[in-house]
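Shown next: upload-v6.cif, containing mmCIF, C-alpha atoms.
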data_protein
#
loop_
_atom_site.label_atom_id
_atom_site.label_comp_id
_atom_site.auth_asym_id
_atom_site.auth_seq_id
_atom_site.Cartn_x
_atom_site.Cartn_y
_atom_site.Cartn_z
CA MET A 1 34.38 -9.33 5.69
CA THR A 2 35.97 -7.06 8.28
CA TYR A 3 33.31 -8.28 10.70
CA LEU A 4 34.47 -11.88 10.33
CA ALA A 5 38.09 -10.78 10.61
CA ASP A 6 37.26 -9.01 13.88
CA VAL A 7 35.50 -12.08 15.20
CA GLY A 8 38.43 -14.27 14.19
CA ALA A 9 40.93 -11.98 15.87
CA LEU A 10 38.92 -11.89 19.10
CA ALA A 11 38.43 -15.66 19.22
CA ARG A 12 42.11 -16.20 18.40
CA LYS A 13 43.07 -13.89 21.27
CA ASP A 14 41.07 -15.98 23.77
CA LEU A 15 42.39 -19.28 22.47
CA LEU A 16 45.99 -18.02 22.50
CA LEU A 17 45.58 -16.71 26.03
CA GLU A 18 44.30 -20.09 27.15
CA LEU A 19 47.06 -21.90 25.30
CA ARG A 20 49.68 -19.85 27.15
CA SER A 21 48.15 -19.59 30.61
CA ARG A 22 46.11 -22.83 30.76
CA ASP A 23 43.72 -21.32 33.30
CA THR A 24 40.33 -22.67 32.34
CA LEU A 25 40.38 -25.80 30.21
CA PRO A 26 42.27 -28.13 32.59
CA ALA A 27 39.93 -27.06 35.37
CA MET A 28 36.87 -27.80 33.22
CA ILE A 29 38.19 -31.24 32.26
CA LEU A 30 39.07 -32.15 35.82
CA PHE A 31 35.70 -30.87 37.03
CA VAL A 32 33.63 -32.84 34.53
CA VAL A 33 35.49 -36.09 35.22
CA SER A 34 35.22 -35.55 39.00
CA THR A 35 31.49 -34.92 38.60
CA LEU A 36 31.08 -38.19 36.71
CA VAL A 37 32.90 -40.03 39.50
CA VAL A 38 30.67 -38.38 42.12
CA PHE A 39 27.62 -39.48 40.10
CA ASN A 40 28.82 -43.06 40.27
CA PHE A 41 28.49 -42.88 44.02
CA SER A 42 25.26 -40.87 44.04
CA LEU A 43 23.39 -43.38 41.84
CA PRO A 44 22.07 -46.32 43.85
CA ALA A 45 22.79 -49.73 42.34
CA GLU A 46 19.19 -50.37 41.22
CA THR A 47 18.87 -47.05 39.40
CA GLY A 48 18.09 -47.52 35.72
CA ASP A 49 20.70 -46.93 33.04
CA LEU A 50 18.71 -43.95 31.82
CA ALA A 51 19.51 -41.96 34.95
CA ALA A 52 23.18 -41.83 33.94
CA TYR A 53 22.26 -39.93 30.74
CA GLY A 54 20.33 -37.40 32.78
CA LEU A 55 23.28 -36.88 35.10
CA LEU A 56 25.64 -36.45 32.16
CA TRP A 57 23.58 -33.43 31.12
CA VAL A 58 23.77 -31.98 34.59
CA ALA A 59 27.55 -32.40 34.42
CA ILE A 60 27.72 -30.67 31.03
CA VAL A 61 25.66 -27.68 32.22
CA PHE A 62 27.73 -27.30 35.38
CA THR A 63 30.97 -27.54 33.42
CA ALA A 64 29.67 -24.82 31.12
CA ILE A 65 29.01 -22.63 34.16
CA LEU A 66 32.56 -23.26 35.37
CA GLY A 67 33.99 -22.18 32.04
CA LEU A 68 31.68 -19.19 31.72
CA THR A 69 32.56 -17.74 35.12
CA ARG A 70 36.12 -17.51 33.79
CA ALA A 71 35.11 -16.27 30.35
CA PHE A 72 35.30 -12.56 31.17
CA ALA A 73 37.84 -12.83 34.01
CA ALA A 74 40.76 -11.40 32.00
CA GLU A 75 38.58 -8.67 30.52
CA ARG A 76 37.42 -7.65 33.98
CA GLU A 77 40.72 -7.80 35.82
CA GLN A 78 42.71 -5.95 33.19
CA ARG A 79 39.79 -3.71 32.10
CA VAL A 80 40.13 -5.07 28.58
CA LEU A 81 36.39 -4.85 27.99
CA ASP A 82 36.48 -1.04 28.06
CA GLY A 83 39.12 -1.15 25.35
CA LEU A 84 37.17 -3.65 23.28
CA VAL A 85 34.02 -1.55 23.49
CA LEU A 86 36.01 1.48 22.33
CA ALA A 87 37.58 -0.44 19.45
CA PRO A 88 36.18 0.36 16.00
CA CYS A 89 34.38 -2.95 15.58
CA ASP A 90 30.78 -4.02 15.94
CA ARG A 91 30.07 -4.90 19.60
CA SER A 92 28.32 -8.10 18.63
CA ALA A 93 31.68 -9.29 17.26
CA ILE A 94 32.91 -9.37 20.87
CA TRP A 95 30.04 -11.71 21.73
CA LEU A 96 30.65 -13.91 18.71
CA GLY A 97 34.40 -14.13 19.30
CA LYS A 98 33.92 -14.96 22.97
CA GLY A 99 31.16 -17.42 22.11
CA ILE A 100 33.41 -19.26 19.68
CA SER A 101 36.13 -19.64 22.30
CA VAL A 102 33.54 -20.84 24.87
CA VAL A 103 32.27 -23.45 22.40
CA ALA A 104 35.86 -24.54 21.77
CA PHE A 105 36.56 -24.98 25.51
CA LEU A 106 33.31 -26.85 26.08
CA ALA A 107 33.91 -29.13 23.10
CA LEU A 108 37.45 -29.91 24.25
CA ALA A 109 36.20 -30.70 27.76
CA GLU A 110 33.59 -33.01 26.25
CA VAL A 111 36.18 -34.76 24.10
CA VAL A 112 37.43 -36.07 27.44
CA ALA A 113 34.07 -36.28 29.20
CA LEU A 114 32.15 -38.34 26.64
CA PRO A 115 34.67 -41.20 26.40
CA ALA A 116 34.87 -41.14 30.21
CA PHE A 117 31.08 -41.38 30.33
CA GLY A 118 31.22 -44.29 27.87
CA LEU A 119 33.82 -45.99 30.00
CA PHE A 120 32.10 -45.48 33.37
CA PHE A 121 28.41 -45.66 32.47
CA GLU A 122 26.63 -46.11 29.15
CA PRO A 123 27.72 -46.30 25.49
CA VAL A 124 28.04 -42.98 23.67
CA THR A 125 25.67 -42.90 20.70
CA TRP A 126 25.74 -40.67 17.62
CA GLU A 127 22.53 -39.03 18.79
CA LEU A 128 24.25 -38.10 22.05
CA VAL A 129 27.23 -36.58 20.23
CA ALA A 130 24.92 -34.58 17.95
CA ALA A 131 22.88 -33.36 20.92
CA VAL A 132 26.02 -32.33 22.81
CA ALA A 133 27.29 -30.41 19.79
CA LEU A 134 23.98 -28.57 19.37
CA ALA A 135 23.69 -27.93 23.11
CA ASP A 136 27.20 -26.42 23.22
CA ILE A 137 26.12 -23.73 20.78
CA GLY A 138 23.04 -22.82 22.80
CA LEU A 139 24.88 -22.91 26.13
CA ALA A 140 27.67 -20.71 24.77
CA ALA A 141 25.29 -18.25 23.08
CA VAL A 142 23.19 -17.61 26.18
CA GLY A 143 26.06 -18.09 28.60
CA THR A 144 28.39 -15.55 26.98
CA LEU A 145 25.76 -12.83 27.21
CA LEU A 146 24.88 -13.67 30.82
CA ALA A 147 28.56 -13.93 31.77
CA ALA A 148 29.08 -10.38 30.47
CA MET A 149 26.14 -9.29 32.66
CA ALA A 150 27.44 -11.15 35.70
CA ALA A 151 30.94 -9.71 35.18
CA ALA A 152 29.49 -6.21 35.56
CA SER A 153 27.80 -7.06 38.86
CA ARG A 154 29.17 -7.25 42.37
CA ALA A 155 28.06 -10.86 42.87
CA ARG A 156 29.82 -12.17 39.71
CA GLU A 157 30.42 -15.93 40.14
CA LEU A 158 27.42 -16.15 42.42
CA LEU A 159 25.06 -14.49 39.98
CA LEU A 160 25.88 -16.40 36.80
CA PRO A 161 24.36 -19.79 37.75
CA LEU A 162 21.19 -18.06 38.98
CA LEU A 163 20.77 -16.28 35.65
CA PHE A 164 21.93 -19.24 33.58
CA LEU A 165 20.11 -22.30 34.96
CA PRO A 166 16.47 -21.28 34.39
CA LEU A 167 17.35 -20.27 30.82
CA VAL A 168 19.03 -23.56 29.92
CA ILE A 169 16.32 -25.90 31.23
CA PRO A 170 15.11 -26.31 27.61
CA VAL A 171 18.64 -27.38 26.58
CA VAL A 172 18.62 -30.07 29.26
CA VAL A 173 15.19 -31.26 28.09
CA GLY A 174 16.35 -31.45 24.48
CA GLY A 175 19.64 -33.09 25.39
CA VAL A 176 18.16 -35.75 27.64
CA GLY A 177 15.41 -36.39 25.10
CA ALA A 178 17.86 -36.86 22.25
CA SER A 179 19.98 -39.22 24.38
CA ILE A 180 17.22 -41.58 25.50
CA ALA A 181 14.12 -41.19 23.31
CA ASP A 182 13.19 -43.54 20.49
CA ASP A 183 12.80 -40.60 18.11
CA PRO A 184 15.76 -38.32 18.84
CA GLY A 185 15.03 -36.20 15.76
CA ARG A 186 12.35 -34.15 17.52
CA TYR A 187 14.67 -33.31 20.37
CA LEU A 188 17.60 -32.49 18.10
CA GLY A 189 15.29 -30.23 16.12
CA PHE A 190 14.21 -28.54 19.33
CA LEU A 191 17.85 -27.98 20.31
CA GLY A 192 18.51 -26.45 16.90
CA LEU A 193 15.50 -24.16 17.31
CA TYR A 194 16.71 -23.09 20.75
CA ASP A 195 20.18 -22.34 19.34
CA LEU A 196 18.72 -20.27 16.55
CA ILE A 197 16.34 -18.22 18.69
CA PHE A 198 18.74 -17.48 21.50
CA ALA A 199 21.78 -16.94 19.29
CA ILE A 200 19.93 -14.26 17.33
CA LEU A 201 18.59 -12.68 20.51
CA SER A 202 21.98 -12.66 22.25
CA TRP A 203 23.77 -11.44 19.13
CA ALA A 204 21.34 -8.54 18.79
CA SER A 205 21.29 -7.55 22.46
CA PHE A 206 24.96 -7.93 23.46
CA GLU A 207 25.71 -4.31 22.59
CA TYR A 208 23.28 -3.11 25.26
CA VAL A 209 24.95 -5.23 27.93
CA VAL A 210 28.47 -3.84 27.48
CA THR A 211 27.69 -0.20 26.69
CA GLU A 212 26.10 2.52 28.78
CA MET B 213 6.48 15.95 38.33
CA SER B 214 2.75 15.73 38.91
CA THR B 215 1.45 12.64 40.64
CA SER B 216 -2.22 13.58 41.02
CA LEU B 217 -3.46 12.28 37.67
CA PRO B 218 -1.96 8.77 37.85
CA ASN B 219 -3.20 8.55 41.43
CA ASN B 220 -6.79 9.21 40.36
CA ARG B 221 -6.47 6.63 37.64
CA THR B 222 -5.00 4.12 40.07
CA ALA B 223 -7.84 4.73 42.52
CA ALA B 224 -10.41 4.21 39.76
CA LEU B 225 -8.67 1.01 38.67
CA ALA B 226 -8.57 -0.23 42.26
CA ALA B 227 -12.29 0.40 42.63
CA ALA B 228 -12.97 -1.38 39.32
CA ALA B 229 -10.81 -4.31 40.43
CA PHE B 230 -12.73 -4.57 43.70
CA VAL B 231 -16.15 -4.55 42.03
CA LEU B 232 -15.13 -6.92 39.22
CA LEU B 233 -13.42 -9.42 41.50
CA LEU B 234 -16.30 -9.39 43.99
CA GLY B 235 -18.74 -9.87 41.12
CA GLY B 236 -16.59 -12.54 39.51
CA VAL B 237 -16.27 -14.55 42.72
CA ALA B 238 -20.02 -14.24 43.35
CA LEU B 239 -20.75 -15.45 39.80
CA ALA B 240 -18.26 -18.29 40.16
CA PHE B 241 -19.83 -19.45 43.41
CA TYR B 242 -23.56 -18.91 42.84
CA TRP B 243 -24.26 -18.79 39.12
CA VAL B 244 -21.99 -21.14 37.22
CA PRO B 245 -23.21 -24.76 37.21
CA ASN B 246 -20.99 -27.45 38.67
CA ALA B 247 -18.42 -28.82 36.26
CA PRO B 248 -19.33 -32.32 35.01
CA LEU B 249 -16.21 -34.12 36.19
CA GLU B 250 -14.65 -32.00 38.89
CA GLY B 251 -17.78 -30.62 40.54
CA PHE B 252 -17.63 -27.71 42.95
CA ARG B 253 -13.87 -27.52 43.32
CA GLN B 254 -13.43 -26.71 39.62
CA ARG B 255 -14.50 -23.13 40.50
CA ILE B 256 -10.93 -22.29 41.51
CA PHE B 257 -10.39 -22.23 37.73
CA TYR B 258 -12.01 -18.75 37.73
CA ILE B 259 -9.23 -17.42 39.96
CA HIS B 260 -6.27 -19.60 38.93
CA VAL B 261 -6.39 -19.08 35.17
CA PRO B 262 -7.08 -15.30 35.19
CA VAL B 263 -4.23 -14.85 37.69
CA ALA B 264 -1.91 -16.85 35.42
CA LEU B 265 -2.93 -14.85 32.36
CA THR B 266 -2.41 -11.62 34.30
CA ALA B 267 1.10 -12.74 35.21
CA TYR B 268 1.82 -13.34 31.51
CA ALA B 269 0.42 -9.89 30.74
CA CYS B 270 2.75 -8.34 33.34
CA PHE B 271 5.79 -10.13 31.90
CA GLY B 272 4.75 -9.08 28.41
CA TRP B 273 4.30 -5.49 29.57
CA ALA B 274 7.76 -5.58 31.18
CA ALA B 275 9.28 -6.81 27.92
CA TRP B 276 7.45 -4.10 25.95
CA LYS B 277 8.82 -1.40 28.28
CA ALA B 278 12.26 -3.02 28.04
CA LEU B 279 12.07 -2.83 24.26
CA ARG B 280 11.07 0.85 24.50
CA LEU B 281 14.03 1.47 26.81
CA LEU B 282 16.49 -0.15 24.42
CA SER B 283 15.12 1.67 21.38
CA THR B 284 14.75 5.14 22.93
CA ARG B 285 17.33 4.99 25.78
CA ASP B 286 14.77 6.87 27.85
CA GLN B 287 15.57 5.91 31.45
CA ARG B 288 12.03 6.23 32.77
CA TYR B 289 11.11 2.95 31.06
CA ASP B 290 13.55 1.15 33.36
CA LEU B 291 11.42 1.70 36.44
CA GLU B 292 8.26 0.80 34.50
CA SER B 293 9.75 -2.46 33.26
CA TYR B 294 11.04 -3.29 36.74
CA THR B 295 7.64 -2.62 38.33
CA ALA B 296 5.92 -4.81 35.73
CA VAL B 297 8.30 -7.71 36.49
CA HIS B 298 7.63 -7.13 40.18
CA MET B 299 3.87 -7.45 39.64
CA GLY B 300 4.38 -10.44 37.35
CA VAL B 301 6.30 -12.28 40.05
CA ILE B 302 3.57 -11.55 42.61
CA PHE B 303 0.88 -12.92 40.29
CA GLY B 304 3.20 -15.80 39.39
CA ILE B 305 3.43 -16.79 43.05
CA LEU B 306 -0.37 -16.55 43.30
CA THR B 307 -0.61 -18.85 40.28
CA LEU B 308 1.66 -21.38 41.93
CA VAL B 309 -0.34 -21.23 45.17
CA THR B 310 -3.77 -21.52 43.54
CA GLY B 311 -2.54 -24.21 41.16
CA SER B 312 -1.13 -26.13 44.07
CA ILE B 313 -4.45 -25.91 45.93
CA TRP B 314 -6.28 -27.12 42.82
CA ALA B 315 -3.87 -30.03 42.43
CA ARG B 316 -4.42 -30.93 46.08
CA THR B 317 -8.22 -30.94 45.80
CA SER B 318 -8.24 -32.77 42.46
CA TRP B 319 -5.51 -35.34 42.84
CA GLY B 320 -4.56 -35.21 46.52
CA VAL B 321 -1.03 -33.93 45.89
CA TRP B 322 0.32 -30.42 46.35
CA TRP B 323 2.63 -30.66 43.39
CA SER B 324 2.44 -32.52 40.10
CA TRP B 325 5.15 -32.40 37.45
CA GLY B 326 2.46 -33.43 34.97
CA GLU B 327 0.80 -30.03 35.22
CA ARG B 328 2.38 -27.91 32.48
CA GLN B 329 1.20 -24.53 33.63
CA LEU B 330 2.56 -25.03 37.14
CA VAL B 331 5.94 -26.29 35.97
CA LEU B 332 6.23 -23.37 33.57
CA PHE B 333 5.45 -20.91 36.34
CA LEU B 334 8.05 -22.50 38.57
CA VAL B 335 10.67 -21.99 35.84
CA LEU B 336 9.51 -18.42 35.29
CA PHE B 337 9.51 -17.74 39.01
CA LEU B 338 13.16 -18.85 39.22
CA PHE B 339 14.05 -16.86 36.12
CA TYR B 340 12.48 -13.62 37.32
CA SER B 341 13.81 -14.04 40.86
CA ALA B 342 17.26 -13.96 39.28
CA TYR B 343 16.18 -10.66 37.65
CA PHE B 344 15.96 -9.15 41.13
CA MET B 345 19.35 -10.60 42.06
CA LEU B 346 20.80 -9.01 38.93
CA ARG B 347 19.33 -5.61 39.73
CA TYR B 348 20.46 -5.66 43.33
CA SER B 349 24.06 -6.51 42.52
CA VAL B 350 24.68 -3.95 39.76
CA GLU B 351 25.27 -0.24 40.39
CA PRO B 352 22.21 1.84 39.43
CA GLY B 353 22.63 3.62 36.13
CA PRO B 354 22.06 3.34 32.40
CA ARG B 355 24.02 0.12 32.11
CA ARG B 356 21.93 -1.62 34.76
CA ALA B 357 18.83 -0.36 32.99
CA SER B 358 19.83 -1.86 29.65
CA MET B 359 21.03 -5.12 31.23
CA SER B 360 17.72 -5.52 33.05
CA ALA B 361 15.88 -4.72 29.84
CA VAL B 362 17.79 -7.39 27.90
CA TYR B 363 17.05 -9.91 30.65
CA ALA B 364 13.34 -9.01 30.65
CA LEU B 365 13.26 -9.53 26.87
CA PHE B 366 14.88 -12.96 27.29
CA GLY B 367 12.09 -13.80 29.73
CA VAL B 368 9.33 -13.22 27.24
CA VAL B 369 11.13 -15.40 24.67
CA LEU B 370 11.76 -18.05 27.31
CA ILE B 371 8.01 -18.45 28.00
CA PRO B 372 7.09 -20.19 24.71
CA VAL B 373 10.42 -22.03 24.48
CA SER B 374 10.01 -23.39 28.01
CA PHE B 375 6.41 -24.30 27.31
CA LEU B 376 7.52 -26.33 24.30
CA ALA B 377 10.32 -27.90 26.36
CA ILE B 378 7.92 -28.89 29.13
CA ARG B 379 5.57 -30.48 26.61
CA LEU B 380 8.47 -32.42 25.12
CA ALA B 381 9.73 -33.48 28.54
CA GLU B 382 6.31 -34.62 29.69
CA GLY B 383 5.97 -37.52 27.31
CA LEU B 384 9.55 -38.46 28.05
CA ILE B 385 10.05 -38.24 31.78
CA HIS B 386 6.56 -38.25 33.24
CA PRO B 387 3.65 -39.99 31.58
CA VAL B 388 0.76 -37.64 30.87
CA VAL B 389 -1.81 -38.71 33.43
CA PHE B 390 -3.96 -35.66 33.71
CA ASP B 391 -5.49 -33.87 30.80
CA ARG B 392 -7.38 -30.81 31.85
CA ASP B 393 -8.83 -29.25 28.75
CA ILE B 394 -11.50 -27.10 30.32
CA GLY B 395 -10.60 -23.81 28.73
CA SER B 396 -11.40 -24.89 25.19
CA ASN B 397 -15.15 -25.43 25.55
CA LEU B 398 -16.64 -22.93 27.93
CA ALA B 399 -20.42 -22.54 28.03
CA GLY B 400 -21.99 -19.07 28.05
CA SER B 401 -22.24 -18.57 31.80
CA GLN B 402 -18.75 -19.97 32.35
CA LEU B 403 -17.27 -17.73 29.69
CA LEU B 404 -18.91 -14.62 31.13
CA THR B 405 -17.72 -15.43 34.66
CA PHE B 406 -14.25 -16.11 33.36
CA VAL B 407 -14.13 -12.80 31.47
CA VAL B 408 -15.35 -10.86 34.54
CA CYS B 409 -12.68 -12.52 36.72
CA LEU B 410 -9.99 -11.89 34.11
CA ALA B 411 -10.98 -8.21 33.85
CA GLY B 412 -10.89 -8.04 37.65
CA THR B 413 -7.39 -9.50 38.00
CA LEU B 414 -6.10 -7.34 35.15
CA ALA B 415 -7.55 -4.22 36.78
CA LEU B 416 -6.03 -5.31 40.10
CA ALA B 417 -2.63 -5.76 38.47
CA ALA B 418 -2.89 -2.39 36.72
CA SER B 419 -3.82 -0.57 39.92
CA LEU B 420 -1.04 -2.29 41.89
CA TYR B 421 1.34 -1.42 39.07
CA GLY B 422 0.34 2.24 39.12
CA ASN B 423 0.61 2.38 42.88
CA GLU B 424 3.99 0.67 43.02
CA LEU B 425 5.33 2.80 40.18
CA THR B 426 4.36 6.00 42.00
CA GLY B 427 6.01 4.70 45.16
CA LYS B 428 9.21 3.74 43.35
CA ARG B 429 9.34 7.11 41.60
CA ILE B 430 8.97 8.93 44.91
CA ASP B 431 11.73 6.75 46.39
CA GLU B 432 14.01 7.59 43.50
CA ARG B 433 13.23 11.29 43.71
CA LEU B 434 13.89 11.24 47.44
CA ARG B 435 17.26 9.57 46.89
CA GLU B 436 18.21 12.19 44.30
CA LEU B 437 17.23 14.99 46.68
CA ARG B 438 19.25 13.42 49.50
CA GLU B 439 22.28 13.09 47.24
CA ALA B 440 21.86 16.71 46.16
CA LEU B 441 21.80 17.82 49.79
CA GLU B 442 24.94 15.94 50.78
#
Could I get this file's structure written as structure tokens?
Amino acid sequence: MTYLADVGALARKDLLLELRSRDTLPAMILFVVSTLVVFNFSLPAETGDLAAYGLLWVAIVFTAILGLTRAFAAEREQRVLDGLVLAPCDRSAIWLGKGISVVAFLALAEVVALPAFGLFFEPVTWELVAAVALADIGLAAVGTLLAAMAAASRARELLLPLLFLPLVIPVVVGGVGASIADDPGRYLGFLGLYDLIFAILSWASFEYVVTE
Amino acid sequence: MSTSLPNNRTAALAAAAFVLLLGGVALAFYWVPNAPLEGFRQRIFYIHVPVALTAYACFGWAAWKALRLLSTRDQRYDLESYTAVHMGVIFGILTLVTGSIWARTSWGVWWSWGERQLVLFLVLFLFYSAYFMLRYSVEPGPRRASMSAVYALFGVVLIPVSFLAIRLAEGLIHPVVFDRDIGSNLAGSQLLTFVVCLAGTLALAASLYGNELTGKRIDERLRELREALE
């Protein structure tokens, strides 16, 4: 139970920090809405309705990148990560706590983005909401680990998208499939499988990324 | 650190690769009968597919060394894993090039999103190129070694997941036009030629790997000596 308490404390710390400083979430919301507006102008008039769903997934992935580049900013600037690694808790709890806060930020950004998408483009279906929820978990699981890697590098913000995009192509496939296919179940199942595989892998390997 | 033994082995592997590849190409050109549908041009199969399988083997080898590094914390596995990824990327590029040539001769286009293997290798190429970016922008040391190892392990998990994703996407975004199911029913002469070519590319990869590993070790040793002198 101490493990869950550690995770809760770490996630609460991130959410409190954001509540007080409001660094990341407003930027993510503004970014995702701006992206949707840009898409309106990048889609020619004859483009099918389906294209809008594809672009929504691009917007979600890019918004996740925006949030993830900030995910370890405080830890890096104030050298908090060294302290966290020294703390008497399992290192994977750091990943889980950070992952929970990333999911929370992404979900809050989407609470604005999905109605905006419904307003500007196509109706938001239940399948789309389910796919977005499942995708958030996968994006946060992989993204938190890669963000910790990128934070330790010189390139930082530059490196994260390069590491992140090839890994989340399957999420985009599953998400687009669930939004437009006649049988969304297969794609939702695939998203769930992706979440499971990569959450376990990231959970197990996070320790090696933050320690020497 | 003795380098004479691995060098002999590398030389033997290089010789084996030369003989096997020469033999394999000769068999592919002069012995194997023309394929029923594709005719003469189908013979690129005997280079393209072994090269692709060799690239998978390199990525798998890199992941195995990465796993050894994480479990033993022995730093020498870092260089081995890195060299294996390096070789995998080289063979991955060869796969993309030969696949592209095959697509051009078969369908008249240099690129087809309907070709699973090619799309998968494009994704893997991007993924492993980022591996190099990661290595170049982190200070050398144990932390870089374990980060690279974790990334290499992600790669080997990404291969089947991406393959599944590409299959799912195919039916959805691009109709499946081409079905190339040659590998499943090889006749005797075709199978033998294929095995000879595969052994040749694997031996080539192993000898390049040994060679590159020796070179990288010498580089590292030289850097240590320079630092010790300063």
Exercise for review: Give me, as a PyMOL selection string, the contact residues of chain B against chain A at a cut-off of 9 Å, counting all atoms listed in the file.
Suggested key: chain B and resi 282+335-336+338-343+345-351+353-363+365-367+369-370+373-378+380-381+384-385
Applied to this file, what does the PyMOL selection byres ((chain B and resi 260-265) around 9) return in terms of residues, put as an mmCIF file with C-alpha atoms, in the frame of the given file?
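Writing done, so here's selection-v8.cif:
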data_model
loop_
_atom_site.group_PDB
_atom_site.id
_atom_site.type_symbol
_atom_site.label_atom_id
_atom_site.label_comp_id
_atom_site.auth_asym_id
_atom_site.auth_seq_id
_atom_site.Cartn_x
_atom_site.Cartn_y
_atom_site.Cartn_z
ATOM 1 C CA ILE B 256 -10.930 -22.290 41.510
ATOM 2 C CA PHE B 257 -10.390 -22.230 37.730
ATOM 3 C CA TYR B 258 -12.010 -18.750 37.730
ATOM 4 C CA ILE B 259 -9.230 -17.420 39.960
ATOM 5 C CA THR B 266 -2.410 -11.620 34.300
ATOM 6 C CA ALA B 267 1.100 -12.740 35.210
ATOM 7 C CA TYR B 268 1.820 -13.340 31.510
ATOM 8 C CA ALA B 269 0.420 -9.890 30.740
ATOM 9 C CA CYS B 270 2.750 -8.340 33.340
ATOM 10 C CA PHE B 303 0.880 -12.920 40.290
ATOM 11 C CA GLY B 304 3.200 -15.800 39.390
ATOM 12 C CA LEU B 306 -0.370 -16.550 43.300
ATOM 13 C CA THR B 307 -0.610 -18.850 40.280
ATOM 14 C CA LEU B 308 1.660 -21.380 41.930
ATOM 15 C CA VAL B 309 -0.340 -21.230 45.170
ATOM 16 C CA THR B 310 -3.770 -21.520 43.540
ATOM 17 C CA GLY B 311 -2.540 -24.210 41.160
ATOM 18 C CA TRP B 314 -6.280 -27.120 42.820
ATOM 19 C CA GLN B 329 1.200 -24.530 33.630
ATOM 20 C CA PHE B 333 5.450 -20.910 36.340
ATOM 21 C CA PHE B 406 -14.250 -16.110 33.360
ATOM 22 C CA VAL B 407 -14.130 -12.800 31.470
ATOM 23 C CA CYS B 409 -12.680 -12.520 36.720
ATOM 24 C CA LEU B 410 -9.990 -11.890 34.110
ATOM 25 C CA ALA B 411 -10.980 -8.210 33.850
ATOM 26 C CA GLY B 412 -10.890 -8.040 37.650
ATOM 27 C CA THR B 413 -7.390 -9.500 38.000
ATOM 28 C CA LEU B 414 -6.100 -7.340 35.150
#
Practice item. Between A:Ala199, A:Leu10, A:Ile65, A:Ala87, single out the one closest to Ala147 in chain A, counting only C-alpha atoms. Key: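 Checking each candidate against Ala147 in chain A, we get A:Ile65 as the closest.
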Point to revise | Expected selection from the PyMOL selection byres ((chain A and resi 117) around 10), given as a count of residues only | key: 20
Non-local contacts of Gly83 in chain A (12 Å; only C-alpha atoms; under 5 positions in same chain excluded) as an mmCIF file with C-alpha atoms, in the coordinates of the input:
data_model
loop_
_atom_site.group_PDB
_atom_site.id
_atom_site.type_symbol
_atom_site.label_atom_id
_atom_site.label_comp_id
_atom_site.auth_asym_id
_atom_site.auth_seq_id
_atom_site.Cartn_x
_atom_site.Cartn_y
_atom_site.Cartn_z
ATOM 1 C CA GLU A 75 38.580 -8.670 30.520
ATOM 2 C CA ARG A 76 37.420 -7.650 33.980
ATOM 3 C CA GLN A 78 42.710 -5.950 33.190
ATOM 4 C CA PRO A 88 36.180 0.360 16.000
ATOM 5 C CA CYS A 89 34.380 -2.950 15.580
ATOM 6 C CA ARG A 91 30.070 -4.900 19.600
ATOM 7 C CA ILE A 94 32.910 -9.370 20.870
ATOM 8 C CA VAL A 210 28.470 -3.840 27.480
ATOM 9 C CA THR A 211 27.690 -0.200 26.690
#
Review point. Distance CA of Gly400 in chain B-CA of Leu233 in chain B, one decimal place?
Key: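 Distance between the two atoms: 18.6 Å.
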**Study point:** Coordinates-based distance that separates CA of Thr295 in chain B from CA of Glu424 in chain B (Å, one decimal)
**Key:**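 Pair CA of Glu424 in chain B / CA of Thr295 in chain B returns 6.8 Å.
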Exercise for review: Could you please determine the separation between CA of Arg12 in chain A and CA of Ala104 in chain A in Å, to one decimal place?
Suggested key: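 Computing the Euclidean distance for CA of Arg12 in chain A and CA of Ala104 in chain A yields 11.0 Å.
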Check your understanding: Hey, which of A:Met28, A:Ala45, A:Leu134, A:Leu81 ends up closest to Leu106 in chain A? Count all atoms listed in the file.
Key ->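 Among the listed residues, the smallest separation from Leu106 in chain A belongs to A:Met28.
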Check your understanding: What lies within 9 Å of Ile100 in chain A using all atoms listed in the file, ignoring chain neighbours under 3 positions off, as a list of chain:residue names?
Key ->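 With the cut-off at 9 Å, the set is A:Val7, A:Gly8, A:Ala11, A:Trp95, A:Leu96, A:Gly97, A:Val103, A:Ala104, A:Phe105, A:Ile137, A:Ala140, A:Ala141.
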